[in-house]
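> Sending over a structure as structure tokens; questions will come in a sec.
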Amino acid sequence: MYRESQIIRNNTPDNYMVINVGPQHPSTHGVLHFVITLNGETVVKLEPHLGYIHRSIEKMCESLNYRQFVYVTSRMDYLSSHINNHACALCVEQGLQVEIPERAQVIRVLMDELTRLASHLLWWGSMAMDIGALTPFFHAFREREMITEIFEETCGARLTMNYICPGGVMADLHPDFQAKVKAFLKQLKEKLPEYHELVTGNIIFQNRTKGIGILSKKDAISFGVSGPTARASGVSCDVRKRYPYELYDKLEFKEVLEDGGDCWARYLVRMEEINQSVAIVEQLIDHIPEGDIQAKTKAVLKLPKGEFYSRVETARGDLGVYIVSEGGTTPYRIKFRSPGFSNLSAMETMCKGGKIGDFVAVMGSVDLVIPDIDR
Amino acid sequence: MFIVDYIKEVFGAIKSLGTGMRRTFWYFVHPKEIITEQYPENKENGQLILAERFRGEVVMPHDENNEHACTGCTACELACPNGTIKIVTKFDITPEGKKKKAIDQFVYRLEMCTMCNLCVEACPSDAIIMTNDFEHSVYDRNELTKILNKPGSKIRDGIE
Ligand code: SF4
Ligand code: SF4
């Protein structure tokens with residue numbers, strides 16, 4: 001790491017300046033380190049340095065059995081831990097060839113969408129905070145708190161749930177679940193206009209995001225960018241639509257697309273996705289079927305020899321779980337294709353030629369979660 | 001034309017600042033909308049309500065005769081992903097003179113526990129549960145290693 005910065009310093013003309021953003025920086029939302037080469041205030045080169053929060057999750061999973069490894073994945077993208085657990089559960093179920101009871105499927109989709117809402121709310125607050133507005137963060141946390149309370153009641157945890165497990169879900173819904181979710185939806189719908197009034201309509205916010213950090217459709221595809229970041233560049237890549245899993249093919253929702261490719265487009269995509277997630281939750285909340293919450297599985301799971309891959313749409317994009325099994329109780333190799341990593345790789349293209357101040361806006365709009373990038 | 005746009009923008013920005021300030025002021029005169037709670041004061045005034053399923057710590061419930069339901073089958077030890085639980089077993093002599101496997105010590109190392117609930121799921125006789133006690137700070141980390149079965153406790157009758 002030291003050596004790389006040395007190379008930049010030696011290769012740059014005298015008027016270039018190399019600065020370090022992070023690893024401890026309020027706007028990097030975690031331990032991400034950027035080495036930015038500047039010409040005056042213009043970004044010439046931007047290099048992310050990883051490794052500060054590497055926990056070798058993939059290697060760790062190789063020594064855990066198929067029930068145990070799911071809990072570690074809550075700690076990857078901690079803002080969509082349900083969805084990470086879901087991806088792992090899907091992959092194991094694919095190997096086991098078990099059919100999941102319908103109630104469990106509905107619960108899983110509900111939890112996924114609530115997680116997406118919580119994640120997008122948090123992103124909204126932190127993006128506004130990156131750009132300089134502090135108050136929206138507290139507004140977002142007020143609504144997000146209601147979701148974490150719902151999770152706490154049903155799953156027993158607020159952030160690292162480990163609730164979706166191979167075969168179904170771990171516990172049945174709390175009796176208050178439906179009422180609480182409805183109360184939350186009501187409040188969110190009441191407060192969303194306030195969100196738009198505070199941030200979306202704000203001229204300063206618009207000026208700082210419109211036309212900033214443009215990512216063209218071609219670049220988005222070639223960097224493998226996914227999720228709202230890619231959809232803001234006009235790439236249709238919603239896994240829920242294109243490779244439906246669980247119930248998503250039976251649900252009605254739109255894939256939100258914008259074609260600006262700038263921070264503003266990414267902002268709009270996420271704000272509209274909040275509405276779509278609300279629509280999905282509304283479709284399901286009154287129609288939770290009765291029945292089992294877990295399929296019958298053995299106490300010790302064994303996958304047949306082979307390779308299994310599952311993908312889901314997290315709040316940040318396309319998460320893939322790839323398991324190579326030798327037929328034992330632990331995976332031979334596990335690989336996670338995390339959305340944050342590919343999205344981060346496109347950062348240089350977005351920031352190059354822009355001002356250093358815009359870099360923070362770009363980073364906010366890409367919605368990076370560092371433990372997801374650096375597993 | 002540039003000047004006109006510029007001035008328009010400045011006034012637009014001032015207007016949106018005003019919009020934001022109006023929101024802030026609205027919350028200022030509606031203190032009921034503020035939902036911040038003060039910890040630890042909220043423990044006294046009853047605001048702190050934890051969900052009953054909240055996973056704070058693994059415990060082994062004992063009944064009034066100092067009996068628990070753990071058979072020492074080590075299913076929880078095997079289910080735990082990070083070696084938090086260690087079961088030490090011994091052999092009891094039953095009244096008929098037979099040897100019977102029983103639990104000697106249920107060692108639980110709180111500092112390694114990730115509250116994943118897998119041990120509780122795995123236990124066939126529901127001998128361990130999660131409680132919602134979350135205040136775990138101590139001065140010495142040795143205090144975090146706990147023996148969950150109480151001294152002198154024994155297994156409840158009728159549990160195999
Ligand atoms: S909750 Fe999880 S980490 Fe803690 S003792 Fe049980 S299985 Fe182990
Ligand atoms: S707590 Fe339950 S799983 Fe663990 S040894 Fe005792 S009976 Fe077995």
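Simple scheme: letters A, B, ... for chains in structure tokens order, numbers from 1 for residues in each chain, numbers from 1 for ligands in the order shown.
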Which chains and residue numbers are within 10 Å of ligand 2, counting only C-alpha atoms and all ligand atoms, if I want them as an MDAnalysis selection string?

chainID B and resid 58:60 68:80 85:89 102:103 105:106 119:129 148:149 155 159:160

> If DSSP is run on the backbone, what residues of chain B are helix (DSSP H, G or I)? A reply as a PyMOL selection string would be ideal.

chain B and resi 2-29+31-33+41-44+75-79+110-112+118-122+141-144

> Save the residues we just selected, N, CA and C atoms, as a short mmCIF file (atom, residue, chain, number, x, y, z; two decimals), in the first residue's frame?


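out_13.cif, written as the output of this step:
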data_model
loop_
_atom_site.label_atom_id
_atom_site.label_comp_id
_atom_site.auth_asym_id
_atom_site.auth_seq_id
_atom_site.Cartn_x
_atom_site.Cartn_y
_atom_site.Cartn_z
N PHE B 2 -26.41 35.11 -18.01
CA PHE B 2 -25.75 34.34 -16.95
C PHE B 2 -26.05 34.94 -15.58
N ILE B 3 -25.98 36.30 -15.55
CA ILE B 3 -26.20 36.99 -14.29
C ILE B 3 -27.62 36.70 -13.78
N VAL B 4 -28.61 36.75 -14.70
CA VAL B 4 -30.00 36.53 -14.29
C VAL B 4 -30.15 35.13 -13.71
N ASP B 5 -29.58 34.14 -14.41
CA ASP B 5 -29.67 32.76 -13.91
C ASP B 5 -29.03 32.65 -12.53
N TYR B 6 -27.90 33.31 -12.41
CA TYR B 6 -27.17 33.23 -11.16
C TYR B 6 -28.00 33.78 -10.01
N ILE B 7 -28.60 34.95 -10.26
CA ILE B 7 -29.40 35.57 -9.20
C ILE B 7 -30.61 34.70 -8.88
N LYS B 8 -31.21 34.13 -9.93
CA LYS B 8 -32.36 33.25 -9.72
C LYS B 8 -31.96 32.08 -8.82
N GLU B 9 -30.79 31.55 -9.09
CA GLU B 9 -30.32 30.39 -8.34
C GLU B 9 -30.11 30.75 -6.88
N VAL B 10 -29.52 31.94 -6.66
CA VAL B 10 -29.27 32.37 -5.30
C VAL B 10 -30.59 32.48 -4.54
N PHE B 11 -31.61 33.08 -5.20
CA PHE B 11 -32.89 33.21 -4.51
C PHE B 11 -33.56 31.86 -4.31
N GLY B 12 -33.38 30.98 -5.31
CA GLY B 12 -33.93 29.62 -5.16
C GLY B 12 -33.32 28.93 -3.97
N ALA B 13 -31.99 29.09 -3.82
CA ALA B 13 -31.30 28.44 -2.71
C ALA B 13 -31.80 28.99 -1.39
N ILE B 14 -31.97 30.30 -1.32
CA ILE B 14 -32.46 30.91 -0.08
C ILE B 14 -33.86 30.39 0.23
N LYS B 15 -34.67 30.25 -0.83
CA LYS B 15 -36.03 29.77 -0.61
C LYS B 15 -36.00 28.34 -0.06
N SER B 16 -35.13 27.50 -0.64
CA SER B 16 -35.14 26.12 -0.13
C SER B 16 -34.56 26.04 1.26
N LEU B 17 -33.66 26.96 1.59
CA LEU B 17 -33.18 27.01 2.98
C LEU B 17 -34.36 27.34 3.90
N GLY B 18 -35.18 28.28 3.44
CA GLY B 18 -36.36 28.67 4.22
C GLY B 18 -37.29 27.49 4.41
N THR B 19 -37.48 26.69 3.33
CA THR B 19 -38.35 25.52 3.43
C THR B 19 -37.84 24.57 4.50
N GLY B 20 -36.52 24.36 4.49
CA GLY B 20 -35.94 23.48 5.48
C GLY B 20 -36.10 24.02 6.88
N MET B 21 -35.88 25.34 7.02
CA MET B 21 -36.00 25.95 8.34
C MET B 21 -37.42 25.86 8.86
N ARG B 22 -38.42 25.94 7.93
CA ARG B 22 -39.80 25.85 8.36
C ARG B 22 -40.07 24.48 8.99
N ARG B 23 -39.53 23.44 8.35
CA ARG B 23 -39.65 22.08 8.91
C ARG B 23 -39.06 22.03 10.32
N THR B 24 -37.83 22.56 10.40
CA THR B 24 -37.15 22.54 11.70
C THR B 24 -37.97 23.25 12.75
N PHE B 25 -38.51 24.40 12.37
CA PHE B 25 -39.30 25.18 13.31
C PHE B 25 -40.57 24.41 13.70
N TRP B 26 -41.16 23.72 12.73
CA TRP B 26 -42.36 22.95 13.02
C TRP B 26 -42.07 21.90 14.09
N TYR B 27 -40.90 21.24 13.95
CA TYR B 27 -40.56 20.25 14.97
C TYR B 27 -40.24 20.92 16.29
N PHE B 28 -39.75 22.16 16.21
CA PHE B 28 -39.41 22.88 17.43
C PHE B 28 -40.67 23.14 18.25
N VAL B 29 -41.79 23.45 17.58
CA VAL B 29 -43.01 23.74 18.33
C VAL B 29 -43.88 22.49 18.51
N PRO B 31 -42.96 19.37 20.25
CA PRO B 31 -41.99 18.52 20.94
C PRO B 31 -42.46 17.07 21.08
N LYS B 32 -43.74 16.81 20.92
CA LYS B 32 -44.24 15.43 21.04
C LYS B 32 -43.69 14.54 19.94
N GLU B 33 -43.32 15.16 18.81
CA GLU B 33 -42.83 14.39 17.67
C GLU B 33 -41.40 13.89 17.89
N GLU B 41 -31.43 6.76 31.69
CA GLU B 41 -32.59 7.29 32.42
C GLU B 41 -33.86 6.54 32.04
N ASN B 42 -33.93 6.07 30.77
CA ASN B 42 -35.17 5.45 30.34
C ASN B 42 -35.43 4.11 31.03
N LYS B 43 -34.42 3.59 31.73
CA LYS B 43 -34.68 2.35 32.47
C LYS B 43 -35.58 2.64 33.66
N GLU B 44 -35.38 3.84 34.27
CA GLU B 44 -36.17 4.15 35.45
C GLU B 44 -37.59 4.56 35.09
N ALA B 75 -25.33 -31.20 21.57
CA ALA B 75 -25.84 -30.72 20.29
C ALA B 75 -25.58 -29.23 20.12
N CYS B 76 -25.69 -28.48 21.22
CA CYS B 76 -25.48 -27.03 21.14
C CYS B 76 -24.01 -26.73 20.87
N GLU B 77 -23.12 -27.54 21.48
CA GLU B 77 -21.69 -27.32 21.27
C GLU B 77 -21.34 -27.52 19.80
N LEU B 78 -21.96 -28.52 19.18
CA LEU B 78 -21.68 -28.78 17.77
C LEU B 78 -22.30 -27.73 16.87
N ALA B 79 -23.43 -27.17 17.30
CA ALA B 79 -24.12 -26.21 16.45
C ALA B 79 -23.47 -24.84 16.49
N LEU B 110 -19.19 -15.74 26.98
CA LEU B 110 -20.00 -14.66 26.43
C LEU B 110 -19.24 -13.79 25.44
N GLU B 111 -17.94 -13.62 25.67
CA GLU B 111 -17.20 -12.70 24.80
C GLU B 111 -17.09 -13.24 23.38
N MET B 112 -17.29 -14.54 23.18
CA MET B 112 -17.19 -15.09 21.83
C MET B 112 -18.56 -15.28 21.18
N LEU B 118 -28.29 -20.28 17.14
CA LEU B 118 -28.23 -21.63 16.58
C LEU B 118 -28.22 -22.70 17.67
N CYS B 119 -27.63 -22.38 18.83
CA CYS B 119 -27.57 -23.37 19.90
C CYS B 119 -28.96 -23.61 20.46
N VAL B 120 -29.73 -22.53 20.62
CA VAL B 120 -31.09 -22.67 21.15
C VAL B 120 -31.94 -23.50 20.19
N GLU B 121 -31.75 -23.25 18.89
CA GLU B 121 -32.48 -24.02 17.88
C GLU B 121 -32.10 -25.50 17.95
N ALA B 122 -30.81 -25.76 18.22
CA ALA B 122 -30.34 -27.14 18.13
C ALA B 122 -30.71 -27.97 19.34
N ARG B 141 -12.14 -9.64 31.75
CA ARG B 141 -12.81 -10.49 30.77
C ARG B 141 -13.02 -11.92 31.28
N ASN B 142 -12.33 -12.30 32.36
CA ASN B 142 -12.59 -13.63 32.92
C ASN B 142 -14.02 -13.77 33.40
N GLU B 143 -14.60 -12.62 33.80
CA GLU B 143 -15.97 -12.68 34.31
C GLU B 143 -16.96 -13.03 33.22
N LEU B 144 -16.52 -12.94 31.97
CA LEU B 144 -17.42 -13.24 30.88
C LEU B 144 -17.55 -14.74 30.63
#

> Specify as a list in words all residues of chain A found within 6 Å of chain B, counting only C-alpha atoms.

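Those within range of chain B come out as Gln68, Glu153, Gly156, Ala157, Leu198, Asn202, Ile203 and Ile204 of chain A.
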
> Where does DSSP see strand (DSSP E or B) in range 189-334 of chain A, if you list the residues as a list in words?

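Selection result, strand (DSSP E or B) within range 189-334 of chain A: Gln294, Gly306, Glu307, Phe308, Tyr309, Ser310, Arg311, Val312, Glu313, Asp318, Leu319, Gly320, Val321, Tyr322, Ile323, Val324, Ser325, Arg333 and Ile334 of chain A.
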
> Between B:Thr145, B:Thr94, B:Ser137, B:Gln47, which has the minimum distance to ligand 1 (counting only C-alpha atoms and all ligand atoms)?

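Closest to ligand 1, using only C-alpha atoms and all ligand atoms: B:Thr145.
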
> Just give me the gap between CA of Gly234 in chain A and CA of Asn343 in chain A in Å, one decimal is fine.

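Between CA of Gly234 in chain A and CA of Asn343 in chain A the gap is 14.9 Å.
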
> Counting only C-alpha atoms and all ligand atoms, which residues of chain A fall within 12 Å of ligand 1, and what is the closest atom pair for each with its distance in Å at one decimal, ordered by chain and rising number, as JSON lines?


{"residue": "A:Leu64", "atom": "CA", "partner": "ligand 1", "partner_atom_place_in_ligand_line": "7 (S)", "distance": 12.0}
{"residue": "A:Arg67", "atom": "CA", "partner": "ligand 1", "partner_atom_place_in_ligand_line": "7 (S)", "distance": 10.6}
{"residue": "A:Gln68", "atom": "CA", "partner": "ligand 1", "partner_atom_place_in_ligand_line": "7 (S)", "distance": 8.4}
{"residue": "A:Phe69", "atom": "CA", "partner": "ligand 1", "partner_atom_place_in_ligand_line": "2 (Fe)", "distance": 11.3}
{"residue": "A:Val70", "atom": "CA", "partner": "ligand 1", "partner_atom_place_in_ligand_line": "2 (Fe)", "distance": 11.5}
{"residue": "A:Tyr71", "atom": "CA", "partner": "ligand 1", "partner_atom_place_in_ligand_line": "2 (Fe)", "distance": 8.7}
{"residue": "A:Val72", "atom": "CA", "partner": "ligand 1", "partner_atom_place_in_ligand_line": "3 (S)", "distance": 10.6}
{"residue": "A:Gly156", "atom": "CA", "partner": "ligand 1", "partner_atom_place_in_ligand_line": "1 (S)", "distance": 11.2}
{"residue": "A:Ala157", "atom": "CA", "partner": "ligand 1", "partner_atom_place_in_ligand_line": "1 (S)", "distance": 11.4}
{"residue": "A:Thr160", "atom": "CA", "partner": "ligand 1", "partner_atom_place_in_ligand_line": "2 (Fe)", "distance": 11.7}
{"residue": "A:Met161", "atom": "CA", "partner": "ligand 1", "partner_atom_place_in_ligand_line": "1 (S)", "distance": 11.4}
{"residue": "A:Asn162", "atom": "CA", "partner": "ligand 1", "partner_atom_place_in_ligand_line": "2 (Fe)", "distance": 9.7}

> Would you mind listing what lies within 12 Å of Arg270 in chain A as a PyMOL selection string, with only C-alpha atoms counted and same-chain residues fewer than 3 positions away left out?

chain A and resi 116-124+127+200+227-232+255-258+263-267+273-277+315-317+365-367

> Can you measure CA of Lys45 in chain A to CA of Gly22 in chain A for me? One decimal in Å is fine.

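Distance between the two atoms: 15.7 Å.
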
> So that I can check the surroundings of Leu319 in chain A, please list as a PyMOL selection string every protein, DNA and RNA residue that reaches within 9 Å of it, counting only C-alpha atoms and ignoring chain neighbours fewer than 6 positions away.

chain A and resi 83-84+87+310-313+336-339
